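**Student:** Below is query_7.pdb; it holds PDB, C-alpha atoms.
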ATOM      1  CA  MET A   1       0.000   0.000   0.000
ATOM      2  CA  SER A   2       1.514   3.334  -0.993
ATOM      3  CA  PHE A   3       1.115   6.586   0.827
ATOM      4  CA  SER A   4       0.023   9.484  -1.340
ATOM      5  CA  LEU A   5       0.403  13.124  -0.402
ATOM      6  CA  PRO A   6      -2.448  15.563  -0.888
ATOM      7  CA  SER A   7      -2.342  17.354  -4.207
ATOM      8  CA  ARG A   8      -2.244  20.792  -2.621
ATOM      9  CA  ALA A   9      -0.792  21.782   0.698
ATOM     10  CA  PRO A  10      -3.120  23.985   2.751
ATOM     11  CA  SER A  11      -1.849  27.489   3.390
ATOM     12  CA  GLY A  12      -1.902  29.071   6.812
ATOM     13  CA  PRO A  13      -1.939  27.387  10.175
ATOM     14  CA  ARG A  14      -3.586  24.021  10.485
ATOM     15  CA  ARG A  15      -6.276  23.315  13.023
ATOM     16  CA  ARG A  16      -3.872  21.165  15.047
ATOM     17  CA  THR A  17      -1.405  24.036  15.194
ATOM     18  CA  LEU A  18      -4.068  26.408  16.531
ATOM     19  CA  LEU A  19      -5.239  23.861  19.094
ATOM     20  CA  ALA A  20      -1.680  23.127  20.199
ATOM     21  CA  GLY A  21      -1.020  26.857  20.573
ATOM     22  CA  ALA A  22      -4.184  27.306  22.621
ATOM     23  CA  ALA A  23      -3.246  24.359  24.817
ATOM     24  CA  GLY A  24       0.248  25.771  25.272
ATOM     25  CA  LEU A  25      -1.162  29.143  26.306
ATOM     26  CA  GLY A  26      -3.463  27.387  28.757
ATOM     27  CA  LEU A  27      -0.582  25.439  30.265
ATOM     28  CA  LEU A  28       1.510  28.567  30.467
ATOM     29  CA  ALA A  29      -1.301  30.379  32.267
ATOM     30  CA  GLY A  30      -1.712  27.473  34.660
ATOM     31  CA  CYS A  31       1.991  27.522  35.479
ATOM     32  CA  SER A  32       2.001  31.243  36.161
ATOM     33  CA  SER A  33      -0.647  31.107  38.892
ATOM     34  CA  GLY A  34       1.642  29.601  41.538
ATOM     35  CA  GLY A  35       2.848  31.957  44.263
ATOM     36  CA  GLU A  36       0.962  35.091  43.367
ATOM     37  CA  GLY A  37      -1.347  35.080  46.360
ATOM     38  CA  SER A  38       1.329  36.698  48.520
ATOM     39  CA  ASP A  39       1.976  39.435  45.942
ATOM     40  CA  ALA A  40      -1.704  40.290  45.597
ATOM     41  CA  ALA A  41      -1.774  42.223  48.867
ATOM     42  CA  GLY A  42       1.314  44.251  47.995
ATOM     43  CA  GLY A  43       0.089  46.284  45.026
ATOM     44  CA  SER A  44      -0.551  43.651  42.347
ATOM     45  CA  PRO A  45      -4.298  44.253  42.312
ATOM     46  CA  SER A  46      -3.776  47.652  40.733
ATOM     47  CA  ALA A  47      -1.534  46.130  38.064
ATOM     48  CA  ALA A  48      -4.115  43.410  37.451
ATOM     49  CA  GLU A  49      -6.880  46.000  37.300
ATOM     50  CA  LYS A  50      -4.871  48.011  34.765
ATOM     51  CA  THR A  51      -4.314  44.890  32.672
ATOM     52  CA  ARG A  52      -8.008  43.998  32.869
ATOM     53  CA  ALA A  53      -9.112  47.542  31.935
ATOM     54  CA  GLY A  54      -6.636  47.655  29.038
ATOM     55  CA  ALA A  55      -7.877  44.295  27.763
ATOM     56  CA  ALA A  56     -11.476  45.559  27.937
ATOM     57  CA  ARG A  57     -10.529  48.695  25.968
ATOM     58  CA  ASP A  58      -8.700  46.573  23.381
ATOM     59  CA  SER A  59     -11.782  44.391  22.905
ATOM     60  CA  GLU A  60     -14.016  47.445  22.630
ATOM     61  CA  ALA A  61     -11.691  48.918  19.981
ATOM     62  CA  LEU A  62     -11.873  45.613  18.101
ATOM     63  CA  VAL A  63     -15.680  45.758  18.235
ATOM     64  CA  GLU A  64     -15.507  49.276  16.755
ATOM     65  CA  ARG A  65     -13.336  47.927  13.962
ATOM     66  CA  TYR A  66     -15.872  45.158  13.268
ATOM     67  CA  ASP A  67     -18.623  47.799  13.209
ATOM     68  CA  ALA A  68     -16.707  49.890  10.674
ATOM     69  CA  VAL A  69     -16.150  46.893   8.380
ATOM     70  CA  LEU A  70     -19.798  45.852   8.708
ATOM     71  CA  ALA A  71     -20.898  49.381   7.802
ATOM     72  CA  ALA A  72     -18.659  49.457   4.742
ATOM     73  CA  HIS A  73     -19.353  45.862   3.660
ATOM     74  CA  PRO A  74     -22.845  44.737   4.730
ATOM     75  CA  ASP A  75     -22.443  41.631   2.563
ATOM     76  CA  LEU A  76     -19.966  40.303   5.174
ATOM     77  CA  THR A  77     -22.603  40.303   7.926
ATOM     78  CA  GLY A  78     -22.961  36.512   7.980
ATOM     79  CA  LEU A  79     -19.252  35.995   8.634
ATOM     80  CA  LEU A  80     -18.561  38.963  10.910
ATOM     81  CA  THR A  81     -21.603  39.107  13.197
ATOM     82  CA  PRO A  82     -20.691  36.010  15.263
ATOM     83  CA  LEU A  83     -17.060  37.145  15.553
ATOM     84  CA  ARG A  84     -18.163  40.633  16.618
ATOM     85  CA  ALA A  85     -20.454  39.090  19.239
ATOM     86  CA  GLU A  86     -17.474  37.157  20.628
ATOM     87  CA  ALA A  87     -15.435  40.368  20.825
ATOM     88  CA  VAL A  88     -18.296  41.969  22.795
ATOM     89  CA  ARG A  89     -18.304  38.994  25.178
ATOM     90  CA  HIS A  90     -14.546  39.328  25.585
ATOM     91  CA  ALA A  91     -14.906  43.010  26.495
ATOM     92  CA  GLU A  92     -17.590  42.104  29.030
ATOM     93  CA  ALA A  93     -15.425  39.333  30.503
ATOM     94  CA  PHE A  94     -12.742  41.925  31.208
ATOM     95  CA  GLY A  95     -15.273  44.256  32.832
ATOM     96  CA  GLY A  96     -15.992  46.502  29.854
ATOM     97  CA  GLY A  97     -18.266  46.195  26.872
ATOM     98  CA  LYS A  98     -21.104  48.449  28.009
ATOM     99  CA  ARG A  99     -20.732  50.666  24.948
ATOM    100  CA  ALA A 100     -19.886  47.791  22.600
ATOM    101  CA  ARG A 101     -23.132  45.833  23.097
ATOM    102  CA  LYS A 102     -24.971  47.269  20.082
ATOM    103  CA  PRO A 103     -23.310  48.155  16.791
ATOM    104  CA  SER A 104     -22.308  51.821  16.858
ATOM    105  CA  VAL A 105     -22.279  51.925  13.084
ATOM    106  CA  SER A 106     -25.273  50.381  11.398
ATOM    107  CA  PRO A 107     -25.146  49.676   7.696
ATOM    108  CA  SER A 108     -27.604  51.710   5.702
ATOM    109  CA  PRO A 109     -29.165  50.435   2.498
ATOM    110  CA  SER A 110     -27.941  53.498   0.601
ATOM    111  CA  GLN A 111     -24.339  53.100   1.680
ATOM    112  CA  SER A 112     -22.059  51.900  -1.061
ATOM    113  CA  PRO A 113     -19.589  49.063  -0.408
ATOM    114  CA  SER A 114     -16.738  51.412  -1.354
ATOM    115  CA  ALA A 115     -17.377  53.741   1.600
ATOM    116  CA  SER A 116     -14.579  53.736   4.097
ATOM    117  CA  VAL A 117     -15.844  54.486   7.588
ATOM    118  CA  SER A 118     -18.506  56.672   9.139
ATOM    119  CA  PRO A 119     -17.542  60.296   9.798
ATOM    120  CA  SER A 120     -18.260  59.935  13.516
ATOM    121  CA  ALA A 121     -15.827  57.028  13.877
ATOM    122  CA  SER A 122     -12.981  58.755  12.051
ATOM    123  CA  ALA A 123     -13.569  62.111  13.770
ATOM    124  CA  SER A 124     -13.409  60.519  17.218
ATOM    125  CA  GLY A 125     -10.105  58.813  16.488
ATOM    126  CA  GLY A 126     -11.840  55.502  15.839
ATOM    127  CA  PRO A 127     -10.619  52.613  13.733
ATOM    128  CA  ASP A 128      -8.505  53.009  10.629
ATOM    129  CA  PRO A 129     -10.350  53.528   7.335
ATOM    130  CA  VAL A 130     -11.870  50.354   5.953
ATOM    131  CA  PRO A 131     -10.500  49.173   2.603
ATOM    132  CA  ALA A 132     -12.967  49.284  -0.266
ATOM    133  CA  GLU A 133     -12.216  45.670  -1.193
ATOM    134  CA  PRO A 134     -13.974  43.148   1.104
ATOM    135  CA  LYS A 135     -11.009  40.751   1.066
ATOM    136  CA  ALA A 136      -8.670  43.538   2.138
ATOM    137  CA  ALA A 137     -11.096  44.520   4.908
ATOM    138  CA  LEU A 138     -11.144  40.921   6.156
ATOM    139  CA  ALA A 139      -7.353  40.776   5.992
ATOM    140  CA  GLY A 140      -7.182  43.967   8.078
ATOM    141  CA  LEU A 141      -9.516  42.487  10.688
ATOM    142  CA  ALA A 142      -7.461  39.278  10.728
ATOM    143  CA  ALA A 143      -4.289  41.291  11.312
ATOM    144  CA  ALA A 144      -5.954  43.214  14.162
ATOM    145  CA  GLU A 145      -7.147  39.969  15.787
ATOM    146  CA  ARG A 146      -3.703  38.399  15.404
ATOM    147  CA  LYS A 147      -1.913  41.451  16.841
ATOM    148  CA  LEU A 148      -4.271  41.601  19.818
ATOM    149  CA  ALA A 149      -3.942  37.852  20.459
ATOM    150  CA  ASP A 150      -0.143  38.201  20.450
ATOM    151  CA  ARG A 151      -0.285  41.151  22.838
ATOM    152  CA  ARG A 152      -2.581  39.235  25.201
ATOM    153  CA  GLY A 153      -0.293  36.217  25.052
ATOM    154  CA  LYS A 154       2.569  38.403  26.261
ATOM    155  CA  ALA A 155       0.438  40.156  28.905
ATOM    156  CA  LEU A 156      -0.617  36.897  30.528
ATOM    157  CA  LEU A 157       2.975  36.271  31.632
ATOM    158  CA  GLU A 158       2.676  39.132  34.128
ATOM    159  CA  ALA A 159      -0.977  38.621  35.122
ATOM    160  CA  PRO A 160      -2.228  36.808  38.228
ATOM    161  CA  GLY A 161      -3.710  33.310  37.816
ATOM    162  CA  GLU A 162      -7.362  33.860  36.935
ATOM    163  CA  LEU A 163      -6.670  36.898  34.777
ATOM    164  CA  ALA A 164      -3.853  35.014  33.032
ATOM    165  CA  ARG A 165      -6.214  32.157  32.240
ATOM    166  CA  LEU A 166      -8.798  34.603  30.885
ATOM    167  CA  LEU A 167      -6.155  36.336  28.761
ATOM    168  CA  ALA A 168      -4.986  32.958  27.455
ATOM    169  CA  SER A 169      -8.501  31.892  26.570
ATOM    170  CA  VAL A 170      -9.323  35.148  24.810
ATOM    171  CA  ALA A 171      -5.943  35.148  23.022
ATOM    172  CA  ALA A 172      -6.643  31.639  21.740
ATOM    173  CA  ALA A 173     -10.108  32.719  20.566
ATOM    174  CA  GLY A 174      -8.568  35.725  18.828
ATOM    175  CA  ALA A 175      -6.086  33.482  17.034
ATOM    176  CA  GLY A 176      -9.010  31.355  15.880
ATOM    177  CA  HIS A 177     -10.856  34.456  14.670
ATOM    178  CA  ALA A 178      -7.766  35.564  12.758
ATOM    179  CA  TYR A 179      -7.623  32.178  11.068
ATOM    180  CA  MET A 180     -11.319  32.287  10.142
ATOM    181  CA  LEU A 181     -10.993  35.817   8.774
ATOM    182  CA  THR A 182      -7.909  34.827   6.768
ATOM    183  CA  GLU A 183      -9.793  31.876   5.284
ATOM    184  CA  GLY A 184     -12.778  34.148   4.558
ATOM    185  CA  ALA A 185     -10.514  36.554   2.677
ATOM    186  CA  LYS A 186      -9.397  33.862   0.215
TER     187      LYS A 186
END
If you convert what's in this file into structure tokens, what do you get?
**Tutor:**
Amino acid sequence: MSFSLPSRAPSGPRRRTLLAGAAGLGLLAGCSSGGEGSDAAGGSPSAAEKTRAGAARDSEALVERYDAVLAAHPDLTGLLTPLRAEAVRHAEAFGGGKRARKPSVSPSPSQSPSASVSPSASASGGPDPVPAEPKAALAGLAAAERKLADRRGKALLEAPGELARLLASVAAAGAGHAYMLTEGAK
């Protein structure tokens, strides 16, 4: 019996790679929760609170980015709505998300797919302009998810146990979102 290789090698990370990375982050978070109980009384809570608040703001900014892409490309609603909802849940898990619950930018029927971003979002220093091409917009969202997941993976090294586990879980979810968005952009 001969072994035959698949005719085309899949591009991007494989599912096993993503799962192994998520498991590694989970193990790393579990290892970091050891002797932090004694440090918690000496000023760590404020550092943990800052980390938690920053993570909530990051998730809220990601939700704003999803809103901008949805406004510019309403045809991507089926793909982006569940991922946006997860970003809202992430913001809420970190103690934020009150303003991210409902889309701040709602697509209007008269809006053309080539529009970049609403004037209110760009005037308030909101997300970067959305590319006119849907695939480029998805690639931009994937890059934002990937960057945030990497930043959270680094932040969990300094976070206390429970917060580190939450950061690891959300970072793993973000890596999965980045993968899904990358696949959607193909």
**Student:** So the first atom is CA of Arg52 in chain A and the second is CA of Met180 in chain A; what is the distance between them in Å, to one decimal place?
**Tutor:**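 Interatomic distance, CA of Arg52 in chain A to CA of Met180 in chain A: 25.8 Å.
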**Student:** Please write the residues picked by the PyMOL selection byres ((chain A and resi 86) around 10) on this file as an MDAnalysis selection string.
**Tutor:** chainID A and resid 59 63 80:85 87:92 170 173:174 177
**Student:** Just want the 7 Å neighbourhood of Ala171 in chain A, counted on all atoms listed in the file, with same-chain residues fewer than 6 positions away dropped. Output as a list in words.
**Tutor:**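 The neighbour list is Ala149, Arg152 and Gly153 of chain A.
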**Student:** Taking all atoms of range 167-175 of chain A that appear in the file, build a box with edges along x, y and z, extend it by 8 Å on every side, and state its centre and edge lengths in Å to one decimal, as JSON.
**Tutor:**
{"center_x": -7.5, "center_y": 34.0, "center_z": 22.9, "size_x": 21.1, "size_y": 20.7, "size_z": 27.7}
**Student:** Take CA of Asp58 in chain A and CA of Glu158 in chain A and report the distance between them in Å, one decimal.
**Tutor:** 17.3 Å
**Student:** Could you tell me which residues the PyMOL selection byres ((chain A and resi 51) around 12) returns for this structure, as a tab-separated table (two decimals) with C-alpha atoms, keeping the file's coordinate frame?
**Tutor:**
chain	number	residue	atom	x	y	z
A	44	SER	CA	-0.55	43.65	42.35
A	45	PRO	CA	-4.30	44.25	42.31
A	46	SER	CA	-3.78	47.65	40.73
A	47	ALA	CA	-1.53	46.13	38.06
A	48	ALA	CA	-4.12	43.41	37.45
A	49	GLU	CA	-6.88	46.00	37.30
A	50	LYS	CA	-4.87	48.01	34.76
A	52	ARG	CA	-8.01	44.00	32.87
A	53	ALA	CA	-9.11	47.54	31.94
A	54	GLY	CA	-6.64	47.66	29.04
A	55	ALA	CA	-7.88	44.30	27.76
A	56	ALA	CA	-11.48	45.56	27.94
A	57	ARG	CA	-10.53	48.70	25.97
A	58	ASP	CA	-8.70	46.57	23.38
A	94	PHE	CA	-12.74	41.92	31.21
A	95	GLY	CA	-15.27	44.26	32.83
A	151	ARG	CA	-0.28	41.15	22.84
A	152	ARG	CA	-2.58	39.24	25.20
A	154	LYS	CA	2.57	38.40	26.26
A	155	ALA	CA	0.44	40.16	28.90
A	156	LEU	CA	-0.62	36.90	30.53
A	157	LEU	CA	2.98	36.27	31.63
A	158	GLU	CA	2.68	39.13	34.13
A	159	ALA	CA	-0.98	38.62	35.12
A	160	PRO	CA	-2.23	36.81	38.23
A	163	LEU	CA	-6.67	36.90	34.78
A	164	ALA	CA	-3.85	35.01	33.03
A	166	LEU	CA	-8.80	34.60	30.88
A	167	LEU	CA	-6.16	36.34	28.76
**Student:** Between CA of Ala61 in chain A and CA of Gly161 in chain A, what is the spacing in Å?
**Tutor:**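 Between CA of Gly161 in chain A and CA of Ala61 in chain A the gap works out to 25.0 Å.
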**Student:** Check which residues satisfy the PyMOL selection byres ((chain A and resi 143) around 12) in the file shown, then give them as a list in words.
**Tutor:**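 After applying the PyMOL selection byres ((chain A and resi 143) around 12), what remains is Leu62, Arg65, Ala136, Ala137, Leu138, Ala139, Gly140, Leu141, Ala142, Ala144, Glu145, Arg146, Lys147, Leu148, Ala149, Asp150, Gly174, Ala175, Gly176, His177, Ala178, Tyr179, Met180, Leu181, Thr182 and Ala185 of chain A.
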